[in-house]
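*Asks:* The following file, input.tsv, comprises TSV, C-alpha atoms:
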```tsv
chain	number	residue	atom	x	y	z
A	1	MET	CA	-7.16	-20.12	-24.70
A	2	LYS	CA	-7.75	-19.05	-28.27
A	3	ASP	CA	-9.53	-22.32	-29.04
A	4	LEU	CA	-11.69	-21.85	-25.94
A	5	PHE	CA	-12.88	-18.42	-27.04
A	6	ALA	CA	-13.46	-19.75	-30.55
A	7	SER	CA	-15.62	-22.62	-29.28
A	8	LEU	CA	-17.53	-20.26	-26.94
A	9	ARG	CA	-18.16	-17.85	-29.80
A	10	SER	CA	-19.37	-20.68	-32.01
A	11	PHE	CA	-21.63	-21.94	-29.21
A	12	LEU	CA	-23.26	-18.51	-28.67
A	13	THR	CA	-23.53	-17.51	-32.34
A	14	PRO	CA	-27.20	-17.80	-33.39
A	15	LYS	CA	-27.86	-20.14	-36.30
A	16	ASP	CA	-31.27	-18.55	-36.62
A	17	LEU	CA	-32.68	-15.26	-35.38
A	18	ALA	CA	-35.31	-17.11	-33.37
A	19	SER	CA	-33.01	-19.13	-31.12
A	20	TRP	CA	-31.89	-19.32	-27.51
A	21	GLN	CA	-28.51	-17.80	-28.42
A	22	THR	CA	-30.27	-14.58	-29.46
A	23	PHE	CA	-31.87	-14.19	-26.04
A	24	MET	CA	-28.62	-15.12	-24.30
A	25	LEU	CA	-26.75	-12.40	-26.21
A	26	LEU	CA	-29.52	-9.91	-25.37
A	27	SER	CA	-29.10	-10.83	-21.70
A	28	ILE	CA	-25.33	-10.30	-21.85
A	29	PHE	CA	-25.88	-7.00	-23.69
A	30	SER	CA	-28.31	-5.88	-20.93
A	31	VAL	CA	-25.71	-6.64	-18.25
A	32	VAL	CA	-23.03	-4.65	-20.08
A	33	MET	CA	-25.34	-1.68	-20.68
A	34	GLY	CA	-26.66	-1.74	-17.10
A	35	ALA	CA	-23.13	-1.36	-15.76
A	36	PHE	CA	-22.98	2.18	-17.23
A	37	MET	CA	-26.41	3.38	-16.05
A	38	SER	CA	-27.80	5.01	-12.93
A	39	SER	CA	-29.58	2.95	-10.33
A	40	ALA	CA	-33.14	3.57	-11.59
A	41	ALA	CA	-32.36	2.76	-15.22
A	42	GLN	CA	-30.14	-0.08	-14.12
A	43	GLN	CA	-33.12	-1.69	-12.34
A	44	ILE	CA	-35.17	-1.66	-15.54
A	45	VAL	CA	-32.35	-2.96	-17.75
A	46	SER	CA	-31.54	-5.63	-15.15
A	47	SER	CA	-35.13	-6.87	-15.24
A	48	PHE	CA	-34.92	-7.21	-19.03
A	49	GLY	CA	-31.59	-8.98	-18.63
A	50	TRP	CA	-33.16	-11.54	-16.28
A	51	PHE	CA	-36.10	-12.00	-18.66
A	52	PHE	CA	-33.83	-12.68	-21.65
A	53	LEU	CA	-31.69	-15.07	-19.57
A	54	ILE	CA	-34.69	-17.08	-18.35
A	55	VAL	CA	-36.12	-17.36	-21.87
A	56	ALA	CA	-32.70	-18.40	-23.24
A	57	VAL	CA	-32.18	-21.09	-20.60
A	58	TRP	CA	-35.79	-22.30	-20.95
A	59	TRP	CA	-35.32	-22.66	-24.70
A	60	PHE	CA	-31.90	-24.28	-24.27
A	61	VAL	CA	-32.85	-26.97	-21.71
A	62	TYR	CA	-35.82	-28.08	-23.84
A	63	GLY	CA	-33.56	-28.78	-26.80
A	64	LYS	CA	-33.61	-32.48	-27.71
A	65	ASP	CA	-29.97	-33.24	-26.81
A	66	VAL	CA	-29.92	-31.12	-23.64
A	67	GLN	CA	-33.26	-32.48	-22.45
A	68	SER	CA	-31.97	-36.02	-22.91
A	69	ALA	CA	-28.79	-35.20	-20.95
A	70	LEU	CA	-30.79	-33.63	-18.09
A	71	THR	CA	-33.24	-36.55	-17.78
A	72	PHE	CA	-32.49	-39.28	-15.25
A	73	ASN	CA	-34.20	-42.59	-14.68
A	74	THR	CA	-35.47	-43.29	-11.17
A	75	ILE	CA	-37.31	-46.28	-9.74
A	76	PHE	CA	-40.75	-45.05	-10.76
A	77	ILE	CA	-40.44	-42.19	-13.26
A	78	LYS	CA	-37.99	-40.23	-15.35
A	79	VAL	CA	-36.88	-36.95	-13.78
A	80	PHE	CA	-36.11	-33.96	-15.98
A	81	LEU	CA	-34.06	-31.28	-14.22
A	82	GLY	CA	-34.83	-28.53	-16.74
A	83	PRO	CA	-37.89	-27.14	-14.91
A	84	TRP	CA	-35.91	-26.98	-11.65
A	85	ILE	CA	-33.14	-24.98	-13.33
A	86	ILE	CA	-35.64	-22.55	-14.84
A	87	ALA	CA	-37.57	-22.24	-11.55
A	88	SER	CA	-34.34	-21.49	-9.68
A	89	LEU	CA	-33.51	-18.69	-12.12
A	90	ILE	CA	-37.01	-17.20	-11.85
A	91	VAL	CA	-36.86	-17.27	-8.05
A	92	LEU	CA	-33.40	-15.74	-8.09
A	93	ALA	CA	-34.64	-12.96	-10.37
A	94	VAL	CA	-37.71	-12.25	-8.24
A	95	PHE	CA	-36.07	-12.38	-4.81
A	96	GLY	CA	-32.81	-10.75	-5.86
A	97	SER	CA	-30.25	-13.17	-4.43
A	98	TRP	CA	-29.70	-16.04	-2.04
A	99	ALA	CA	-28.09	-13.60	0.40
A	100	GLY	CA	-29.29	-14.03	3.94
A	101	PHE	CA	-30.80	-17.47	3.40
A	102	ALA	CA	-28.59	-18.82	6.21
A	103	ASN	CA	-30.10	-16.35	8.70
A	104	LEU	CA	-32.80	-18.81	9.54
A	105	SER	CA	-35.79	-18.13	11.72
A	106	GLY	CA	-39.04	-19.95	12.29
A	107	VAL	CA	-40.19	-19.20	8.71
A	108	ALA	CA	-38.34	-20.61	5.71
A	109	PRO	CA	-37.04	-18.20	3.07
A	110	PRO	CA	-39.84	-17.90	0.44
A	111	ALA	CA	-37.31	-18.39	-2.35
A	112	PHE	CA	-36.70	-22.03	-1.48
A	113	ILE	CA	-40.38	-22.77	-0.88
A	114	CYS	CA	-41.39	-21.46	-4.32
A	115	ILE	CA	-38.91	-23.49	-6.38
A	116	ALA	CA	-40.70	-26.87	-6.25
A	117	PRO	CA	-44.26	-25.65	-7.06
A	118	LEU	CA	-42.88	-23.38	-9.80
A	119	ALA	CA	-40.90	-26.30	-11.29
A	120	ALA	CA	-44.11	-28.35	-11.38
A	121	MET	CA	-45.95	-25.56	-13.22
A	122	ILE	CA	-43.12	-25.23	-15.77
A	123	ALA	CA	-42.95	-28.99	-16.32
A	124	LEU	CA	-46.73	-29.25	-16.92
A	125	ALA	CA	-47.08	-26.08	-19.02
A	126	PRO	CA	-46.46	-27.91	-22.36
A	127	LYS	CA	-49.48	-30.15	-21.69
A	128	PHE	CA	-51.75	-27.09	-21.74
A	129	ILE	CA	-50.27	-25.59	-24.91
A	130	LYS	CA	-50.23	-27.03	-28.42
A	131	SER	CA	-49.37	-25.65	-31.84
A	132	ASN	CA	-51.99	-25.32	-34.55
A	133	LYS	CA	-51.44	-25.55	-38.31
A	134	ASP	CA	-49.95	-22.05	-38.35
A	135	LYS	CA	-47.53	-23.06	-35.56
A	136	THR	CA	-49.26	-20.62	-33.25
A	137	PRO	CA	-49.52	-21.76	-29.63
A	138	GLU	CA	-53.01	-22.13	-28.25
A	139	PHE	CA	-54.50	-23.31	-24.97
A	140	THR	CA	-55.74	-26.90	-24.71
A	141	LEU	CA	-56.90	-29.23	-21.97
A	142	PRO	CA	-54.76	-32.29	-21.28
A	143	ALA	CA	-56.14	-35.74	-22.02
A	144	VAL	CA	-58.32	-37.29	-19.33
A	145	LYS	CA	-55.95	-40.24	-18.89
A	146	ASP	CA	-53.08	-37.82	-18.07
A	147	ARG	CA	-54.87	-35.74	-15.47
A	148	GLN	CA	-54.46	-38.10	-12.51
A	149	GLY	CA	-50.72	-38.32	-13.10
A	150	MET	CA	-50.51	-34.53	-13.36
A	151	VAL	CA	-52.31	-34.08	-10.03
A	152	LEU	CA	-49.95	-36.55	-8.34
A	153	PHE	CA	-47.01	-34.74	-9.96
A	154	VAL	CA	-48.14	-31.38	-8.52
A	155	LEU	CA	-48.81	-32.89	-5.09
A	156	SER	CA	-45.36	-34.49	-5.01
A	157	HIS	CA	-43.76	-31.11	-5.67
A	158	LEU	CA	-45.90	-29.48	-2.98
A	159	LEU	CA	-44.67	-32.20	-0.62
A	160	ILE	CA	-41.08	-31.32	-1.51
A	161	ALA	CA	-41.87	-27.66	-0.74
A	162	CYS	CA	-43.27	-28.72	2.63
A	163	TRP	CA	-40.07	-30.62	3.39
A	164	PHE	CA	-38.08	-27.50	2.52
A	165	GLN	CA	-40.31	-25.55	4.92
A	166	PHE	CA	-39.89	-28.21	7.60
A	167	TYR	CA	-36.10	-28.20	7.22
A	168	PHE	CA	-35.86	-24.44	7.62
A	169	LEU	CA	-38.34	-24.53	10.49
A	170	LEU	CA	-36.16	-27.01	12.41
A	171	GLN	CA	-32.99	-25.07	11.59
A	172	GLY	CA	-34.68	-21.89	12.77
A	173	TRP	CA	-35.63	-23.52	16.08
A	174	LEU	CA	-32.09	-24.83	16.57
A	175	ASN	CA	-30.64	-21.39	15.83
A	176	LEU	CA	-33.06	-19.66	18.18
A	177	TYR	CA	-32.84	-22.36	20.87
A	178	PRO	CA	-29.41	-24.09	20.74
A	179	SER	CA	-30.31	-26.01	23.89
A	180	LEU	CA	-32.63	-28.18	21.77
A	181	MET	CA	-29.48	-29.78	20.37
A	182	ALA	CA	-29.24	-31.66	23.66
A	183	GLU	CA	-32.35	-33.64	22.73
A	184	ASP	CA	-32.07	-37.32	21.88
A	185	PHE	CA	-33.08	-37.77	18.23
A	186	SER	CA	-32.17	-41.47	17.98
A	187	ARG	CA	-35.80	-42.55	17.56
A	188	SER	CA	-36.89	-39.66	15.38
A	189	SER	CA	-38.28	-40.52	11.93
A	190	PHE	CA	-37.30	-37.22	10.34
A	191	VAL	CA	-34.42	-35.65	12.31
A	192	VAL	CA	-30.90	-37.01	11.82
A	193	ARG	CA	-27.94	-35.82	13.91
A	194	LEU	CA	-24.94	-35.44	11.62
A	195	GLN	CA	-22.50	-34.64	14.44
A	196	PRO	CA	-21.73	-36.71	17.55
A	197	ASN	CA	-24.34	-36.56	20.31
A	198	ILE	CA	-22.83	-33.75	22.35
A	199	GLN	CA	-24.82	-32.14	25.14
A	200	VAL	CA	-24.88	-28.51	24.10
A	201	SER	CA	-27.50	-27.19	26.50
A	202	ARG	CA	-26.77	-23.61	27.47
A	203	GLY	CA	-27.54	-24.43	31.09
A	204	ARG	CA	-23.85	-25.14	31.63
A	205	GLU	CA	-22.98	-21.74	30.16
A	206	VAL	CA	-25.62	-20.03	32.32
A	207	LEU	CA	-24.27	-21.57	35.53
A	208	ASN	CA	-20.65	-20.88	34.60
A	209	ALA	CA	-21.55	-17.23	33.98
A	210	ALA	CA	-23.32	-17.13	37.34
A	211	GLU	CA	-20.24	-18.61	39.02
A	212	SER	CA	-18.03	-16.00	37.36
A	213	ASP	CA	-20.31	-13.22	38.62
A	214	LEU	CA	-20.26	-14.62	42.17
A	215	ARG	CA	-16.46	-14.89	42.09
A	216	ASP	CA	-16.21	-11.23	41.12
A	217	ARG	CA	-18.55	-10.35	43.99
A	218	LEU	CA	-17.23	-12.59	46.79
A	219	ASN	CA	-13.64	-13.63	46.13
A	220	ASN	CA	-11.05	-11.78	48.22
A	221	GLN	CA	-13.72	-9.78	50.05
A	222	ASN	CA	-13.67	-9.36	53.83
A	223	TRP	CA	-15.24	-12.35	55.49
A	224	SER	CA	-17.41	-10.15	57.67
A	225	ALA	CA	-18.85	-8.42	54.59
A	226	ILE	CA	-19.47	-11.82	52.96
A	227	GLU	CA	-21.33	-13.12	56.03
A	228	ARG	CA	-23.44	-10.00	56.12
A	229	TRP	CA	-24.28	-10.54	52.43
A	230	LEU	CA	-25.10	-14.20	53.11
A	231	PHE	CA	-27.42	-13.25	55.97
A	232	GLU	CA	-29.24	-10.77	53.74
A	233	SER	CA	-29.44	-13.44	51.00
A	234	LYS	CA	-31.26	-15.81	53.36
A	235	VAL	CA	-33.78	-13.11	54.21
A	236	SER	CA	-34.34	-11.91	50.64
A	237	ASN	CA	-33.91	-13.53	47.21
A	238	GLN	CA	-32.96	-10.25	45.59
A	239	TRP	CA	-29.42	-11.56	45.09
A	240	ILE	CA	-30.57	-14.34	42.76
A	241	THR	CA	-32.73	-11.86	40.80
A	242	ASP	CA	-29.73	-9.58	40.35
A	243	LEU	CA	-27.54	-12.55	39.47
A	244	GLU	CA	-30.01	-13.76	36.83
A	245	SER	CA	-30.19	-10.28	35.32
A	246	ASN	CA	-26.39	-10.04	35.10
A	247	VAL	CA	-26.09	-13.48	33.50
A	248	GLN	CA	-28.76	-12.71	30.90
A	249	SER	CA	-27.09	-9.41	30.02
A	250	ARG	CA	-23.76	-11.19	29.59
A	251	LEU	CA	-25.04	-14.02	27.39
A	252	ARG	CA	-27.81	-12.30	25.43
A	253	ASN	CA	-25.49	-10.99	22.70
A	254	LYS	CA	-23.97	-14.40	22.02
A	255	ARG	CA	-25.24	-16.92	19.46
A	256	GLY	CA	-28.60	-18.25	20.59
A	257	GLY	CA	-28.97	-15.40	23.06
A	258	GLY	CA	-32.65	-15.17	22.22
A	259	GLU	CA	-33.32	-18.21	24.38
A	260	MET	CA	-31.95	-16.58	27.53
A	261	ASP	CA	-35.46	-15.47	28.54
A	262	LEU	CA	-36.37	-19.16	28.70
A	263	TRP	CA	-33.70	-19.96	31.31
A	264	THR	CA	-34.57	-19.23	34.94
A	265	LEU	CA	-31.91	-19.10	37.62
A	266	SER	CA	-32.62	-20.10	41.20
A	267	GLY	CA	-30.43	-20.65	44.23
A	268	LYS	CA	-30.19	-20.92	47.96
A	269	VAL	CA	-27.59	-20.40	50.68
A	270	ASP	CA	-27.14	-23.02	53.41
A	271	ALA	CA	-24.76	-23.52	56.25
A	272	ASP	CA	-22.45	-26.46	55.63
A	273	THR	CA	-24.02	-29.82	56.47
A	274	TYR	CA	-21.60	-32.04	54.58
A	275	ASP	CA	-18.49	-31.67	56.73
A	276	SER	CA	-16.64	-30.41	53.68
A	277	GLY	CA	-14.75	-27.73	55.55
A	278	ALA	CA	-16.80	-24.97	54.00
A	279	TYR	CA	-18.68	-22.51	56.14
A	280	TYR	CA	-21.47	-21.99	53.63
A	281	ASN	CA	-22.86	-23.79	50.57
A	282	LEU	CA	-24.44	-22.05	47.60
A	283	VAL	CA	-26.63	-24.13	45.29
A	284	LEU	CA	-27.35	-22.71	41.83
A	285	ASN	CA	-30.00	-24.20	39.54
A	286	ALA	CA	-30.69	-23.27	35.90
A	287	THR	CA	-34.05	-24.48	34.56
A	288	TRP	CA	-35.02	-24.58	30.90
A	289	LYS	CA	-38.63	-23.43	30.36
A	290	GLY	CA	-38.53	-23.60	26.57
A	291	PRO	CA	-39.75	-26.31	24.16
A	292	THR	CA	-38.63	-29.89	24.79
A	293	ALA	CA	-39.47	-33.26	23.30
A	294	THR	CA	-40.73	-34.56	26.65
A	295	GLN	CA	-42.56	-31.41	27.87
A	296	THR	CA	-40.49	-31.78	31.04
A	297	PRO	CA	-38.37	-28.88	32.35
A	298	TYR	CA	-34.64	-29.41	32.03
A	299	THR	CA	-32.58	-28.47	35.07
A	300	VAL	CA	-28.83	-28.35	35.70
A	301	SER	CA	-27.18	-27.59	39.02
A	302	LYS	CA	-23.88	-26.32	40.40
A	303	ARG	CA	-22.78	-26.43	44.05
A	304	CYS	CA	-20.35	-23.83	45.39
A	305	GLU	CA	-18.54	-23.59	48.74
A	306	LEU	CA	-17.54	-20.45	50.58
A	307	VAL	CA	-14.42	-20.91	52.69
A	308	PRO	CA	-12.68	-18.27	54.83
A	309	LYS	CA	-9.00	-17.79	54.22
A	310	ARG	CA	-6.59	-15.92	56.50
A	311	THR	CA	-3.99	-13.76	54.77
A	312	PHE	CA	-0.94	-12.01	56.20
A	313	ASN	CA	0.44	-8.72	54.91
A	314	ARG	CA	3.60	-7.32	56.40
A	315	ARG	CA	3.43	-3.59	56.93
A	316	ASP	CA	6.39	-1.26	56.51
A	317	LYS	CA	8.40	-0.66	59.70
A	318	SER	CA	6.30	-3.15	61.64
A	319	ALA	CA	7.33	-6.51	62.99
A	320	ILE	CA	3.73	-7.69	63.35
A	321	PRO	CA	2.03	-8.68	60.07
A	322	GLU	CA	-1.47	-7.48	59.34
A	323	THR	CA	-3.98	-10.32	59.24
A	324	LYS	CA	-7.10	-10.33	57.15
A	325	VAL	CA	-9.79	-12.97	56.65
A	326	ILE	CA	-11.16	-13.11	53.11
A	327	GLY	CA	-13.59	-15.39	51.34
A	328	THR	CA	-12.79	-17.98	48.69
A	329	LEU	CA	-15.42	-19.47	46.37
A	330	ASN	CA	-14.95	-23.01	45.04
A	331	CYS	CA	-17.53	-24.53	42.69
A	332	SER	CA	-18.10	-28.03	41.38
A	333	ASP	CA	-18.83	-28.95	37.79
A	334	VAL	CA	-22.36	-28.68	36.39
A	335	LYS	CA	-24.59	-31.68	37.04
A	336	ASP	CA	-27.89	-32.65	35.43
A	337	ILE	CA	-30.88	-32.92	37.71
A	338	THR	CA	-33.24	-33.73	34.87
A	339	SER	CA	-32.20	-34.25	31.26
A	340	PHE	CA	-33.43	-34.62	27.75
A	341	ALA	CA	-33.28	-38.34	28.14
A	342	LYS	CA	-36.66	-39.12	26.61
A	343	LYS	CA	-36.76	-40.04	22.95
A	344	VAL	CA	-38.19	-37.76	20.32
```
Let me see the file written as structure tokens.
*Replies:*
Amino acid sequence: MKDLFASLRSFLTPKDLASWQTFMLLSIFSVVMGAFMSSAAQQIVSSFGWFFLIVAVWWFVYGKDVQSALTFNTIFIKVFLGPWIIASLIVLAVFGSWAGFANLSGVAPPAFICIAPLAAMIALAPKFIKSNKDKTPEFTLPAVKDRQGMVLFVLSHLLIACWFQFYFLLQGWLNLYPSLMAEDFSRSSFVVRLQPNIQVSRGREVLNAAESDLRDRLNNQNWSAIERWLFESKVSNQWITDLESNVQSRLRNKRGGGEMDLWTLSGKVDADTYDSGAYYNLVLNATWKGPTATQTPYTVSKRCELVPKRTFNRRDKSAIPETKVIGTLNCSDVKDITSFAKKV
């Protein structure tokens, strides 16, 4: 441990007053001083601390040995990571922190979008500055033969920024509309599914919530009251409007609840025509009206059966049991009527 502190001290001790170590020590000093100040003064000292840190790192990464270590050969050009490190520090200083970057929406966090263009500006800055005989920096225009390469360099970094934007845009859509995960991306040129192709459409969740609501309303109720409700349901569709409202209220606070307005619930009540033993059939359909790759609505369905059931309750001091006919709701699993089968 002692040797570690000794090597760290030697590493940060300035060999010359004009060196990166001086600015690094000033940055550390600003952090220590800011810890004992009020919020207003702390803001000012913190800004100076960031400034000293950025200058120190900028100076450090452009040292001959460090620059060589941070340069990598690719197929076409050599890539120097120094400008990206400096750009990341500048963005972090300007935007405060990376906190909240995972709360994606349709617009990418500006911090990530700015890094690539800023790195290009930092990498090209030395081509516009040269030292005169007095070692004073002065502005100069780059050579004509270098200008085309510089333009392509800037455009490549703008393209990287666009890909960052595109990534966050897609992630924002998937967070806002989880049902899009049910799309088939196998033929997409730019979207890759990292997890198995699992149908995650919320239509199943919508119909299961509707079934739960109907069970609470109809199960173990008097059969006469159920038939009266069924008769009124045939005359008016108010029941499906109420059911849709209840389902949306139940699911809106869950992850991806913002897409609930894009699901419409429909249903109908029929007398049994399938000889299933049920007296009535309820058909529930959930239709996705949001964005899809095929521009075709996505619909899932669930069929439920209402069956009367006779129950017997023995009363005290009575030899004759009390009979009561109640309703029982049985529902099938969710089935796709249409699906996201088309390719992206």
*Asks:* Name the residues in contact with stretch 259-266 of chain A at a cut-off of 12 Å, using only C-alpha atoms, excluding same-chain residues fewer than 4 positions from it; report them as a ChimeraX atom specification.
*Replies:* /A:173-180,201-211,237-255,282-292,297-302
*Asks:* Contacts of A:Val79 at 12 Å or less, counting all atoms listed in the file, minus same-chain residues fewer than 5 places along, as a list of chain:residue names?
*Replies:*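 Final neighbour list, sorted by chain and number: A:Gln67, A:Ser68, A:Ala69, A:Leu70, A:Thr71, A:Phe72, A:Asn73, A:Thr74, A:Trp84, A:Ala119, A:Ala120, A:Ala123, A:Phe153.
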*Asks:* Using only C-alpha atoms, which protein or nucleic acid residues come within 10 Å of A:Ile85? Drop anything in the same chain fewer than 4 positions from it, and give the result as a list in words.
*Replies:*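 Selected residues are Ile54, Val57, Trp58, Val61, Phe80, Leu81, Leu89, Ile90, Ile115 and Ala119 of chain A.
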*Asks:* When you count only C-alpha atoms, which of these residues is closest to A:Lys309: A:Gly327, A:Ile28, A:Thr22, A:Trp50?
*Replies:* A:Gly327
*Asks:* Find the distance between atom CA of A:Arg303 and atom CA of A:Ser212 and write it in Å to one decimal.
*Replies:*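 Here the two named atoms are 13.3 Å from each other.
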*Asks:* Can you tell me how far atom CA of A:Leu53 sits from atom CA of A:Ser131, in Å to one decimal?
*Replies:*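 Going from atom CA of A:Leu53 over to atom CA of A:Ser131, I get 24.0 Å.
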*Asks:* Which distance in Å separates atom CA of A:Leu214 and atom CA of A:Thr328, to one decimal?
*Replies:* 10.5 Å
*Asks:* With 5 Å of padding per side, what axis-aligned box (centre and edge lengths, Å, one decimal) covers all the listed atoms of stretch 132-146 of chain A? Give it as AutoDock Vina command-line options.
*Replies:*
```
--center_x -52.9 --center_y -30.4 --center_z -28.2 --size_x 20.8 --size_y 29.6 --size_z 30.3
```
*Asks:* Need the shell around stretch 147-152 of chain A: protein/DNA/RNA residues with any atom at most 12 Å away, counting only C-alpha atoms. Skip same-chain ones fewer than 6 positions apart. Format as a list in words?
*Replies:*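 In the requested form, the answer reads Ile77, Ala120, Met121, Ala123, Leu124, Ala125, Pro126, Lys127, Phe128, Leu141, Leu158 and Leu159 of chain A.
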*Asks:* Could you complete stretch 208-231 of chain A so that it carries N, CA and C atoms, and give it back as an mmCIF file, in the frame of the given file?
*Replies:*
```
data_model
loop_
_atom_site.group_PDB
_atom_site.id
_atom_site.type_symbol
_atom_site.label_atom_id
_atom_site.label_comp_id
_atom_site.auth_asym_id
_atom_site.auth_seq_id
_atom_site.Cartn_x
_atom_site.Cartn_y
_atom_site.Cartn_z
ATOM 1 N N ASN A 208 -22.042 -21.351 34.578
ATOM 2 C CA ASN A 208 -20.650 -20.880 34.600
ATOM 3 C C ASN A 208 -20.579 -19.359 34.639
ATOM 4 N N ALA A 209 -21.503 -18.695 33.919
ATOM 5 C CA ALA A 209 -21.550 -17.230 33.980
ATOM 6 C C ALA A 209 -21.971 -16.760 35.361
ATOM 7 N N ALA A 210 -22.901 -17.483 35.982
ATOM 8 C CA ALA A 210 -23.320 -17.130 37.340
ATOM 9 C C ALA A 210 -22.171 -17.317 38.322
ATOM 10 N N GLU A 211 -21.407 -18.385 38.160
ATOM 11 C CA GLU A 211 -20.240 -18.610 39.020
ATOM 12 C C GLU A 211 -19.223 -17.484 38.862
ATOM 13 N N SER A 212 -18.984 -17.081 37.607
ATOM 14 C CA SER A 212 -18.030 -16.000 37.360
ATOM 15 C C SER A 212 -18.473 -14.709 38.041
ATOM 16 N N ASP A 213 -19.782 -14.429 37.985
ATOM 17 C CA ASP A 213 -20.310 -13.220 38.620
ATOM 18 C C ASP A 213 -20.155 -13.288 40.136
ATOM 19 N N LEU A 214 -20.410 -14.458 40.716
ATOM 20 C CA LEU A 214 -20.260 -14.620 42.170
ATOM 21 C C LEU A 214 -18.797 -14.502 42.586
ATOM 22 N N ARG A 215 -17.893 -15.021 41.771
ATOM 23 C CA ARG A 215 -16.460 -14.890 42.090
ATOM 24 C C ARG A 215 -16.051 -13.419 42.123
ATOM 25 N N ASP A 216 -16.534 -12.655 41.138
ATOM 26 C CA ASP A 216 -16.210 -11.230 41.120
ATOM 27 C C ASP A 216 -16.759 -10.526 42.362
ATOM 28 N N ARG A 217 -17.897 -11.010 42.866
ATOM 29 C CA ARG A 217 -18.550 -10.350 43.990
ATOM 30 C C ARG A 217 -17.962 -10.783 45.337
ATOM 31 N N LEU A 218 -17.561 -12.057 45.465
ATOM 32 C CA LEU A 218 -17.230 -12.590 46.790
ATOM 33 C C LEU A 218 -15.746 -12.878 46.985
ATOM 34 N N ASN A 219 -15.044 -13.263 45.950
ATOM 35 C CA ASN A 219 -13.640 -13.630 46.130
ATOM 36 C C ASN A 219 -12.806 -12.458 46.648
ATOM 37 N N ASN A 220 -11.986 -12.752 47.641
ATOM 38 C CA ASN A 220 -11.050 -11.780 48.220
ATOM 39 C C ASN A 220 -11.738 -10.619 48.929
ATOM 40 N N GLN A 221 -13.024 -10.788 49.260
ATOM 41 C CA GLN A 221 -13.720 -9.780 50.050
ATOM 42 C C GLN A 221 -13.594 -10.123 51.541
ATOM 43 N N ASN A 222 -13.722 -9.114 52.382
ATOM 44 C CA ASN A 222 -13.670 -9.360 53.830
ATOM 45 C C ASN A 222 -14.728 -10.378 54.228
ATOM 46 N N TRP A 223 -14.324 -11.297 55.093
ATOM 47 C CA TRP A 223 -15.240 -12.350 55.490
ATOM 48 C C TRP A 223 -16.468 -11.801 56.224
ATOM 49 N N SER A 224 -16.273 -10.748 56.969
ATOM 50 C CA SER A 224 -17.410 -10.150 57.670
ATOM 51 C C SER A 224 -18.422 -9.586 56.685
ATOM 52 N N ALA A 225 -17.942 -8.955 55.602
ATOM 53 C CA ALA A 225 -18.850 -8.420 54.590
ATOM 54 C C ALA A 225 -19.567 -9.561 53.858
ATOM 55 N N ILE A 226 -18.857 -10.668 53.629
ATOM 56 C CA ILE A 226 -19.470 -11.820 52.960
ATOM 57 C C ILE A 226 -20.571 -12.412 53.834
ATOM 58 N N GLU A 227 -20.307 -12.553 55.156
ATOM 59 C CA GLU A 227 -21.330 -13.120 56.030
ATOM 60 C C GLU A 227 -22.546 -12.217 56.126
ATOM 61 N N ARG A 228 -22.314 -10.915 56.110
ATOM 62 C CA ARG A 228 -23.440 -10.000 56.120
ATOM 63 C C ARG A 228 -24.273 -10.168 54.837
ATOM 64 N N TRP A 229 -23.586 -10.322 53.698
ATOM 65 C CA TRP A 229 -24.280 -10.540 52.430
ATOM 66 C C TRP A 229 -25.044 -11.859 52.452
ATOM 67 N N LEU A 230 -24.436 -12.897 53.034
ATOM 68 C CA LEU A 230 -25.100 -14.200 53.110
ATOM 69 C C LEU A 230 -26.347 -14.127 53.990
ATOM 70 N N PHE A 231 -26.257 -13.388 55.073
ATOM 71 C CA PHE A 231 -27.420 -13.250 55.970
ATOM 72 C C PHE A 231 -28.556 -12.540 55.237
#
```
